[in-house]
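Undergrad: Below is the file upload-v3.pdb, with PDB, C-alpha atoms.
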```pdb
ATOM      1  CA  MET A  47       0.000   0.000   0.000
ATOM      2  CA  ALA A  48       1.176   3.524  -0.764
ATOM      3  CA  ARG A  49       1.929   5.825   2.130
ATOM      4  CA  PRO A  50       0.839   9.292   0.916
ATOM      5  CA  GLU A  51       2.161  10.993   4.033
ATOM      6  CA  THR A  52       5.713   9.964   3.196
ATOM      7  CA  THR A  53       7.869  12.640   1.572
ATOM      8  CA  VAL A  54      10.067  11.886  -1.398
ATOM      9  CA  GLY A  55      13.057  13.129   0.594
ATOM     10  CA  GLN A  56      12.426  10.571   3.315
ATOM     11  CA  VAL A  57      12.159   7.795   0.730
ATOM     12  CA  LEU A  58      15.546   8.815  -0.652
ATOM     13  CA  LEU A  59      17.158   8.944   2.798
ATOM     14  CA  ASP A  60      15.728   5.530   3.680
ATOM     15  CA  ARG A  61      17.267   4.096   0.523
ATOM     16  CA  ILE A  62      20.651   5.688   1.200
ATOM     17  CA  GLU A  63      20.677   4.509   4.811
ATOM     18  CA  ALA A  64      19.740   0.930   3.906
ATOM     19  CA  GLN A  65      22.468   0.643   1.290
ATOM     20  CA  ALA A  66      25.051   2.405   3.472
ATOM     21  CA  VAL A  67      24.417  -0.224   6.154
ATOM     22  CA  VAL A  68      24.918  -3.000   3.573
ATOM     23  CA  LEU A  69      28.125  -1.375   2.356
ATOM     24  CA  ALA A  70      29.579  -0.981   5.862
ATOM     25  CA  GLY A  71      28.618  -4.497   6.863
ATOM     26  CA  LEU A  72      30.494  -6.133   4.000
ATOM     27  CA  ASP A  73      34.014  -4.816   4.660
ATOM     28  CA  GLU A  74      35.145  -7.819   6.688
ATOM     29  CA  ALA A  75      33.420 -10.312   4.396
ATOM     30  CA  VAL A  76      35.241  -8.875   1.389
ATOM     31  CA  ARG A  77      38.576  -8.917   3.221
ATOM     32  CA  ALA A  78      37.948 -12.562   4.132
ATOM     33  CA  ASP A  79      37.111 -13.289   0.477
ATOM     34  CA  GLU A  80      33.760 -14.798   1.408
ATOM     35  CA  PRO A  81      31.632 -16.054  -1.495
ATOM     36  CA  ASP A  82      29.660 -13.307  -3.271
ATOM     37  CA  ALA A  83      30.882 -10.601  -0.866
ATOM     38  CA  VAL A  84      32.614  -8.559  -3.571
ATOM     39  CA  HIS A  85      29.503  -8.725  -5.735
ATOM     40  CA  ARG A  86      27.187  -7.605  -2.930
ATOM     41  CA  MET A  87      29.430  -4.686  -2.015
ATOM     42  CA  ARG A  88      29.665  -3.622  -5.627
ATOM     43  CA  VAL A  89      25.879  -3.699  -5.976
ATOM     44  CA  ALA A  90      25.536  -1.562  -2.825
ATOM     45  CA  CYS A  91      27.925   0.977  -4.368
ATOM     46  CA  ARG A  92      25.871   1.022  -7.549
ATOM     47  CA  ARG A  93      22.576   1.431  -5.730
ATOM     48  CA  LEU A  94      23.903   4.270  -3.628
ATOM     49  CA  ARG A  95      25.426   6.064  -6.589
ATOM     50  CA  SER A  96      22.289   5.573  -8.640
ATOM     51  CA  ALA A  97      20.091   6.986  -5.858
ATOM     52  CA  LEU A  98      22.267  10.079  -5.495
ATOM     53  CA  ARG A  99      22.308  10.677  -9.241
ATOM     54  CA  THR A 100      18.677   9.834 -10.006
ATOM     55  CA  PHE A 101      17.341  11.989  -7.154
ATOM     56  CA  ARG A 102      19.978  14.725  -7.331
ATOM     57  CA  ARG A 103      17.273  17.380  -7.818
ATOM     58  CA  LEU A 104      16.253  16.787  -4.208
ATOM     59  CA  LEU A 105      19.760  17.599  -2.954
ATOM     60  CA  ALA A 106      21.644  20.873  -2.725
ATOM     61  CA  PRO A 107      23.816  21.244  -5.853
ATOM     62  CA  GLY A 108      27.324  19.867  -5.508
ATOM     63  CA  THR A 109      26.896  18.507  -1.989
ATOM     64  CA  THR A 110      27.129  14.845  -2.972
ATOM     65  CA  ASP A 111      29.514  15.030  -5.928
ATOM     66  CA  GLY A 112      32.411  13.750  -3.840
ATOM     67  CA  VAL A 113      30.386  10.832  -2.494
ATOM     68  CA  VAL A 114      29.301   9.858  -6.000
ATOM     69  CA  ALA A 115      32.910   9.982  -7.222
ATOM     70  CA  ASP A 116      34.116   7.862  -4.302
ATOM     71  CA  LEU A 117      31.369   5.299  -4.861
ATOM     72  CA  ARG A 118      32.368   5.081  -8.519
ATOM     73  CA  TRP A 119      36.010   4.591  -7.503
ATOM     74  CA  LEU A 120      35.216   1.855  -4.972
ATOM     75  CA  GLY A 121      32.836   0.111  -7.372
ATOM     76  CA  ALA A 122      35.519   0.110 -10.059
ATOM     77  CA  ALA A 123      38.093  -1.397  -7.679
ATOM     78  CA  LEU A 124      35.647  -4.143  -6.745
ATOM     79  CA  GLY A 125      34.589  -4.613 -10.347
ATOM     80  CA  ARG A 126      38.009  -5.564 -11.650
ATOM     81  CA  ALA A 127      38.000  -8.628  -9.394
ATOM     82  CA  ARG A 128      34.313  -9.448  -9.782
ATOM     83  CA  ASP A 129      34.299  -9.208 -13.574
ATOM     84  CA  ARG A 130      37.146 -11.682 -13.912
ATOM     85  CA  GLU A 131      35.487 -14.043 -11.465
ATOM     86  CA  VAL A 132      32.180 -14.001 -13.353
ATOM     87  CA  LEU A 133      33.859 -14.287 -16.734
ATOM     88  CA  ALA A 134      35.865 -17.370 -15.752
ATOM     89  CA  GLU A 135      32.787 -19.003 -14.194
ATOM     90  CA  ARG A 136      30.725 -18.359 -17.325
ATOM     91  CA  LEU A 137      33.318 -19.732 -19.702
ATOM     92  CA  ALA A 138      34.220 -22.786 -17.605
ATOM     93  CA  THR A 139      30.557 -23.710 -17.178
ATOM     94  CA  GLN A 140      29.882 -23.394 -20.892
ATOM     95  CA  ALA A 141      33.088 -25.255 -21.742
ATOM     96  CA  ARG A 142      31.809 -28.316 -19.901
ATOM     97  CA  GLU A 143      28.764 -28.308 -22.183
ATOM     98  CA  LEU A 144      30.869 -28.572 -25.348
ATOM     99  CA  PRO A 145      30.895 -31.790 -27.414
ATOM    100  CA  ALA A 146      33.413 -34.434 -26.399
ATOM    101  CA  GLU A 147      35.633 -33.755 -29.435
ATOM    102  CA  CYS A 148      36.242 -30.233 -28.089
ATOM    103  CA  GLY A 149      37.868 -31.569 -24.908
ATOM    104  CA  PRO A 150      35.370 -29.930 -22.542
ATOM    105  CA  GLU A 151      37.122 -30.780 -19.268
ATOM    106  CA  ARG A 152      40.522 -29.686 -20.574
ATOM    107  CA  VAL A 153      39.102 -26.409 -21.848
ATOM    108  CA  ALA A 154      37.210 -25.809 -18.589
ATOM    109  CA  GLY A 155      40.309 -26.548 -16.532
ATOM    110  CA  ALA A 156      42.430 -24.142 -18.581
ATOM    111  CA  LEU A 157      39.831 -21.408 -18.193
ATOM    112  CA  GLU A 158      39.520 -21.985 -14.462
ATOM    113  CA  ARG A 159      43.297 -21.716 -14.043
ATOM    114  CA  TRP A 160      43.300 -18.525 -16.081
ATOM    115  CA  GLY A 161      40.438 -17.087 -14.018
ATOM    116  CA  GLU A 162      42.117 -17.948 -10.725
ATOM    117  CA  ALA A 163      45.364 -16.335 -11.852
ATOM    118  CA  GLU A 164      43.542 -13.194 -12.968
ATOM    119  CA  TYR A 165      41.604 -13.001  -9.708
ATOM    120  CA  ARG A 166      44.762 -13.362  -7.616
ATOM    121  CA  ARG A 167      46.391 -10.647  -9.690
ATOM    122  CA  VAL A 168      43.695  -8.044  -8.994
ATOM    123  CA  ARG A 169      42.612  -9.184  -5.512
ATOM    124  CA  PRO A 170      45.240  -7.008  -3.730
ATOM    125  CA  GLU A 171      43.654  -3.937  -5.335
ATOM    126  CA  VAL A 172      40.395  -4.694  -3.530
ATOM    127  CA  VAL A 173      42.048  -5.009  -0.113
ATOM    128  CA  ALA A 174      44.109  -1.876  -0.722
ATOM    129  CA  ALA A 175      40.939   0.058  -1.584
ATOM    130  CA  LEU A 176      39.208  -1.069   1.622
ATOM    131  CA  ASP A 177      42.220  -0.067   3.702
ATOM    132  CA  SER A 178      42.659   3.303   2.016
ATOM    133  CA  PRO A 179      41.910   6.749   3.490
ATOM    134  CA  ARG A 180      39.485   7.279   0.636
ATOM    135  CA  ARG A 181      37.340   4.345   1.760
ATOM    136  CA  ARG A 182      37.260   5.696   5.317
ATOM    137  CA  ALA A 183      36.370   9.151   4.009
ATOM    138  CA  LEU A 184      33.496   7.655   2.032
ATOM    139  CA  ALA A 185      32.088   5.990   5.146
ATOM    140  CA  GLU A 186      32.334   9.269   7.058
ATOM    141  CA  ALA A 187      30.712  11.208   4.220
ATOM    142  CA  LEU A 188      27.735   8.852   4.133
ATOM    143  CA  THR A 189      27.328   9.167   7.903
ATOM    144  CA  THR A 190      27.425  12.956   7.643
ATOM    145  CA  LEU A 191      24.963  12.999   4.757
ATOM    146  CA  LEU A 192      22.431  10.999   6.757
ATOM    147  CA  ALA A 193      22.963  13.003   9.946
ATOM    148  CA  ASP A 194      22.534  16.349   8.195
ATOM    149  CA  PRO A 195      20.833  15.712   4.835
ATOM    150  CA  PRO A 196      21.360  18.506   2.268
ATOM    151  CA  LEU A 197      17.743  18.313   1.111
ATOM    152  CA  ARG A 198      16.149  21.027  -0.979
ATOM    153  CA  ARG A 199      12.598  22.285  -0.442
ATOM    154  CA  ARG A 200      11.166  20.005  -3.119
ATOM    155  CA  ALA A 201      12.226  16.977  -1.034
ATOM    156  CA  ALA A 202       9.264  17.747   1.243
ATOM    157  CA  ARG A 203       6.775  16.947  -1.518
ATOM    158  CA  PRO A 204       4.530  13.860  -1.207
ATOM    159  CA  ALA A 205       6.450  10.801  -2.285
ATOM    160  CA  VAL A 206       4.167   8.982  -4.718
ATOM    161  CA  PRO A 207       3.680  11.724  -7.370
ATOM    162  CA  GLU A 208       7.383  12.603  -7.297
ATOM    163  CA  LEU A 209       8.467   8.972  -7.520
ATOM    164  CA  SER A 210       6.115   8.474 -10.455
ATOM    165  CA  ARG A 211       7.683  11.441 -12.244
ATOM    166  CA  VAL A 212      11.171  10.083 -11.635
ATOM    167  CA  ALA A 213      10.162   6.634 -12.885
ATOM    168  CA  ALA A 214       8.635   8.119 -16.044
ATOM    169  CA  ARG A 215      11.792  10.132 -16.684
ATOM    170  CA  GLU A 216      14.028   7.100 -16.286
ATOM    171  CA  GLN A 217      11.703   5.064 -18.490
ATOM    172  CA  ARG A 218      11.972   7.710 -21.245
ATOM    173  CA  ARG A 219      15.760   7.773 -20.960
ATOM    174  CA  THR A 220      15.893   4.005 -21.247
ATOM    175  CA  ALA A 221      13.504   4.031 -24.209
ATOM    176  CA  GLU A 222      15.785   6.451 -26.045
ATOM    177  CA  ARG A 223      18.819   4.240 -25.436
ATOM    178  CA  VAL A 224      16.997   1.052 -26.398
ATOM    179  CA  HIS A 225      15.777   2.638 -29.638
ATOM    180  CA  ALA A 226      19.293   3.877 -30.379
ATOM    181  CA  ALA A 227      20.668   0.386 -29.773
ATOM    182  CA  LEU A 228      18.068  -1.314 -31.963
ATOM    183  CA  THR A 229      18.801   1.050 -34.863
ATOM    184  CA  ALA A 230      22.561   1.413 -34.410
ATOM    185  CA  ASP A 231      25.046   0.572 -37.144
ATOM    186  CA  PRO A 232      26.938  -2.689 -36.507
ATOM    187  CA  GLU A 233      30.138  -0.877 -35.530
ATOM    188  CA  ASP A 234      28.303   1.149 -32.864
ATOM    189  CA  ARG A 235      25.847  -1.522 -31.733
ATOM    190  CA  ASP A 236      27.744  -3.059 -28.800
ATOM    191  CA  ARG A 237      28.437   0.329 -27.237
ATOM    192  CA  ALA A 238      24.819   1.416 -27.736
ATOM    193  CA  LEU A 239      23.506  -1.770 -26.138
ATOM    194  CA  HIS A 240      25.826  -1.286 -23.180
ATOM    195  CA  GLU A 241      24.525   2.265 -22.699
ATOM    196  CA  ALA A 242      20.955   0.963 -22.834
ATOM    197  CA  ARG A 243      21.821  -1.602 -20.186
ATOM    198  CA  LYS A 244      23.120   1.092 -17.828
ATOM    199  CA  CYS A 245      19.920   3.100 -18.285
ATOM    200  CA  ALA A 246      17.740   0.052 -17.626
ATOM    201  CA  LYS A 247      19.690  -0.659 -14.447
ATOM    202  CA  ARG A 248      19.253   2.908 -13.229
ATOM    203  CA  ALA A 249      15.519   2.730 -13.963
ATOM    204  CA  ARG A 250      15.303  -0.564 -12.080
ATOM    205  CA  TYR A 251      16.997   0.981  -9.050
ATOM    206  CA  ALA A 252      14.584   3.940  -9.201
ATOM    207  CA  GLY A 253      11.736   1.428  -9.031
ATOM    208  CA  GLU A 254      13.349  -0.353  -6.093
ATOM    209  CA  THR A 255      13.695   2.967  -4.264
ATOM    210  CA  ALA A 256      10.053   3.795  -4.894
ATOM    211  CA  ALA A 257       8.749   0.380  -3.823
ATOM    212  CA  ALA A 258       8.780   1.128  -0.077
ATOM    213  CA  ALA A 259       6.351   4.031  -0.559
ATOM    214  CA  VAL A 260       4.452   2.887  -3.638
ATOM    215  CA  GLY A 261       4.178  -0.876  -3.277
ATOM    216  CA  PRO A 262       3.337  -3.378  -6.059
ATOM    217  CA  ALA A 263       3.210  -0.834  -8.910
ATOM    218  CA  ALA A 264       6.831   0.163  -8.323
ATOM    219  CA  GLU A 265       7.833  -3.465  -7.801
ATOM    220  CA  LEU A 266       6.386  -4.346 -11.208
ATOM    221  CA  TYR A 267       8.231  -1.404 -12.770
ATOM    222  CA  ALA A 268      11.503  -2.617 -11.229
ATOM    223  CA  GLU A 269      10.880  -6.210 -12.354
ATOM    224  CA  ARG A 270      10.309  -5.203 -15.959
ATOM    225  CA  MET A 271      13.367  -2.966 -16.034
ATOM    226  CA  LYS A 272      15.385  -5.788 -14.491
ATOM    227  CA  ALA A 273      14.257  -8.083 -17.316
ATOM    228  CA  VAL A 274      15.564  -5.559 -19.857
ATOM    229  CA  GLN A 275      18.791  -5.177 -17.892
ATOM    230  CA  GLU A 276      19.304  -8.934 -17.813
ATOM    231  CA  VAL A 277      18.874  -9.373 -21.568
ATOM    232  CA  LEU A 278      21.311  -6.546 -22.196
ATOM    233  CA  GLY A 279      23.600  -7.959 -19.513
ATOM    234  CA  GLU A 280      23.676 -11.309 -21.304
ATOM    235  CA  HIS A 281      24.672  -9.488 -24.473
ATOM    236  CA  GLN A 282      27.440  -7.589 -22.716
ATOM    237  CA  ASP A 283      28.722 -10.720 -20.971
ATOM    238  CA  ALA A 284      28.872 -12.557 -24.289
ATOM    239  CA  VAL A 285      30.718  -9.692 -25.996
ATOM    240  CA  VAL A 286      33.266  -9.468 -23.169
ATOM    241  CA  ALA A 287      33.701 -13.249 -23.093
ATOM    242  CA  ALA A 288      34.307 -13.386 -26.844
ATOM    243  CA  ALA A 289      36.926 -10.653 -26.572
ATOM    244  CA  ALA A 290      38.647 -12.459 -23.680
ATOM    245  CA  LEU A 291      38.804 -15.701 -25.666
ATOM    246  CA  ALA A 292      40.160 -13.944 -28.730
ATOM    247  CA  ALA A 293      42.862 -12.330 -26.569
ATOM    248  CA  GLN A 294      44.219 -15.682 -25.339
ATOM    249  CA  PRO A 295      47.484 -16.021 -27.296
ATOM    250  CA  ASP A 296      47.713 -19.816 -27.195
ATOM    251  CA  ALA A 297      43.999 -20.558 -26.654
ATOM    252  CA  GLY A 298      44.926 -22.406 -23.472
ATOM    253  CA  GLY A 299      46.460 -25.137 -25.591
ATOM    254  CA  GLU A 300      42.941 -26.016 -26.802
ATOM    255  CA  PRO A 301      42.326 -23.946 -29.961
ATOM    256  CA  PHE A 302      39.465 -26.144 -31.205
ATOM    257  CA  GLY A 303      37.582 -25.935 -27.923
ATOM    258  CA  TYR A 304      38.266 -22.208 -27.554
ATOM    259  CA  GLY A 305      37.006 -21.630 -31.087
ATOM    260  CA  ALA A 306      33.782 -23.495 -30.366
ATOM    261  CA  LEU A 307      33.330 -21.480 -27.180
ATOM    262  CA  TYR A 308      34.003 -18.231 -29.062
ATOM    263  CA  ALA A 309      31.291 -19.106 -31.578
ATOM    264  CA  ARG A 310      28.928 -19.777 -28.700
ATOM    265  CA  GLN A 311      29.488 -16.236 -27.383
ATOM    266  CA  LEU A 312      28.679 -14.730 -30.755
ATOM    267  CA  ALA A 313      25.481 -16.769 -30.898
ATOM    268  CA  ALA A 314      24.514 -15.726 -27.348
ATOM    269  CA  ALA A 315      25.034 -12.053 -28.192
ATOM    270  CA  GLU A 316      22.903 -12.380 -31.323
ATOM    271  CA  ALA A 317      20.155 -14.172 -29.386
ATOM    272  CA  ALA A 318      20.096 -11.451 -26.733
ATOM    273  CA  ARG A 319      19.800  -8.763 -29.392
ATOM    274  CA  GLY A 320      16.908 -10.685 -30.899
ATOM    275  CA  ARG A 321      15.034 -10.758 -27.579
ATOM    276  CA  LEU A 322      15.476  -7.100 -26.717
ATOM    277  CA  ALA A 323      12.466  -5.648 -28.539
ATOM    278  CA  GLU A 324      10.144  -8.274 -27.056
ATOM    279  CA  VAL A 325      11.408  -7.746 -23.511
ATOM    280  CA  TRP A 326      11.340  -3.969 -23.843
ATOM    281  CA  ALA A 327       7.699  -3.824 -25.025
ATOM    282  CA  PRO A 328       6.110  -4.330 -21.558
ATOM    283  CA  ALA A 329       8.820  -2.224 -19.882
ATOM    284  CA  GLY A 330       8.095   0.655 -22.245
ATOM    285  CA  GLU A 331       4.372   0.897 -21.530
ATOM    286  CA  ARG A 332       3.586   4.422 -20.334
ATOM    287  CA  LYS A 333       1.143   3.291 -17.694
ATOM    288  CA  LEU A 334       3.928   1.314 -16.007
ATOM    289  CA  ALA A 335       5.319   4.484 -14.397
ATOM    290  CA  ARG A 336       1.940   5.778 -13.172
ATOM    291  CA  PHE A 337       2.171   4.977  -9.501
ATOM    292  CA  GLY A 338      -0.730   6.962  -8.158
TER     293      GLY A 338
END
```
Kindly return the structure encoded in the file as structure tokens.

TA:
Amino acid sequence: MARPETTVGQVLLDRIEAQAVVLAGLDEAVRADEPDAVHRMRVACRRLRSALRTFRRLLAPGTTDGVVADLRWLGAALGRARDREVLAERLATQARELPAECGPERVAGALERWGEAEYRRVRPEVVAALDSPRRRALAEALTTLLADPPLRRRAARPAVPELSRVAAREQRRTAERVHAALTADPEDRDRALHEARKCAKRARYAGETAAAAVGPAAELYAERMKAVQEVLGEHQDAVVAAAALAAQPDAGGEPFGYGALYARQLAAAEAARGRLAEVWAPAGERKLARFG
């Protein structure tokens, strides 16, 4: 159920506080290299940064620029390790599905060894980031922001109409990027699809932020934007995986298997592109962003 007495500023602060708690609570788990800890911390960084950017009109100009920059920095440090981890897992899993003549176990083993080596190479960057003065400054800045929020007068407006306007704006931005991606020339297509993915993710996070005040309507909005994000994410993962395979100088000693796996990435990217229009159709409905 919607809570009409809730202000849009309070909804934003609730979102920031919840994700700041997640971020702070994951430091030790990331240092201990617990499963999925890096991913969860990275997502918290993204959600915080997205909230501050999407709802920046509620905040005094310039007051959160430093926090946004620090969240981007920390997310990037975490991402270098996480991306290699996910890439190796994807390729090793798919390698084991190859026909016997491709040497699936040998290919998977080579990819797992490569992924482990890459992860060990970038892992120290993650620990160094957590131990840095910049990470401590980020934690302090988030605490200060919540203790003395730099909210503008418009933050006192009722939540539901404002959240609906934000959702409609993010939906329009995503629609523009999706259209650009669907009509892009082949040489620009991968970049355009990646930009559309980022917009869909930001729209999804706007829906998640709104859900506490709006309820099921915002949850549906977030679900449909997530579906678009996931299709575009599959495309991006396939493109990155194909590039990583092509960059292996000796193909892990298994050129036939690597070639078959490379072809599979190209097919996955093409399939994702083919699904985009269908998945976008329900996410692009105008009534989806009408929360109240």

Undergrad: Let me make sure I understand: among A:Leu59, A:Val153, A:Val168, A:Ala127, which one has the smallest atom-to-atom distance to Thr139 (chain A) if we use all atoms listed in the file?

TA: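 Looking at the shortest contact to Thr139 (chain A), the residue is A:Val153.
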
Undergrad: Using only C-alpha atoms, which residues sit within 10 Å of His225 (chain A) once same-chain residues fewer than 3 positions away are excluded, as a list in words?

TA: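 Everything that qualifies: Thr220, Ala221, Glu222, Leu228, Thr229, Ala230, Ala238, Leu239, Ala242, Ala323 and Trp326 of chain A.
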
Undergrad: Given the file shown, enumerate the residues that the PyMOL selection byres ((chain A and resi 338) around 7) captures and present them as a ChimeraX atom specification.

TA: /A:206-207,336-337

Undergrad: Nearest to Ala193 (chain A): which of A:Ala327, A:Ala249, A:Ala138, A:Ile62 is it, counting all atoms listed in the file?

TA: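 Closest to Ala193 (chain A) of all the choices is A:Ile62.
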
Undergrad: Since I can't run it myself right now, could you work out what the PyMOL selection byres ((chain A and resi 74-86) around 7) selects here and report it as a PyMOL selection string?

TA: chain A and resi 72-73+87-90+124+128+173

Undergrad: Could you check which of A:Gly108, A:Arg93, A:Val68, A:Arg142 is closest to Arg250 (chain A), using all atoms listed in the file?

TA: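 Closest candidate: A:Arg93.
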
Undergrad: What do you get, as an MDAnalysis selection string, if you spell out every residue that the PyMOL selection byres ((chain A and resi 97) around 8) selects here?

TA: chainID A and resid 58 61:62 93:96 98:102 251:252 255
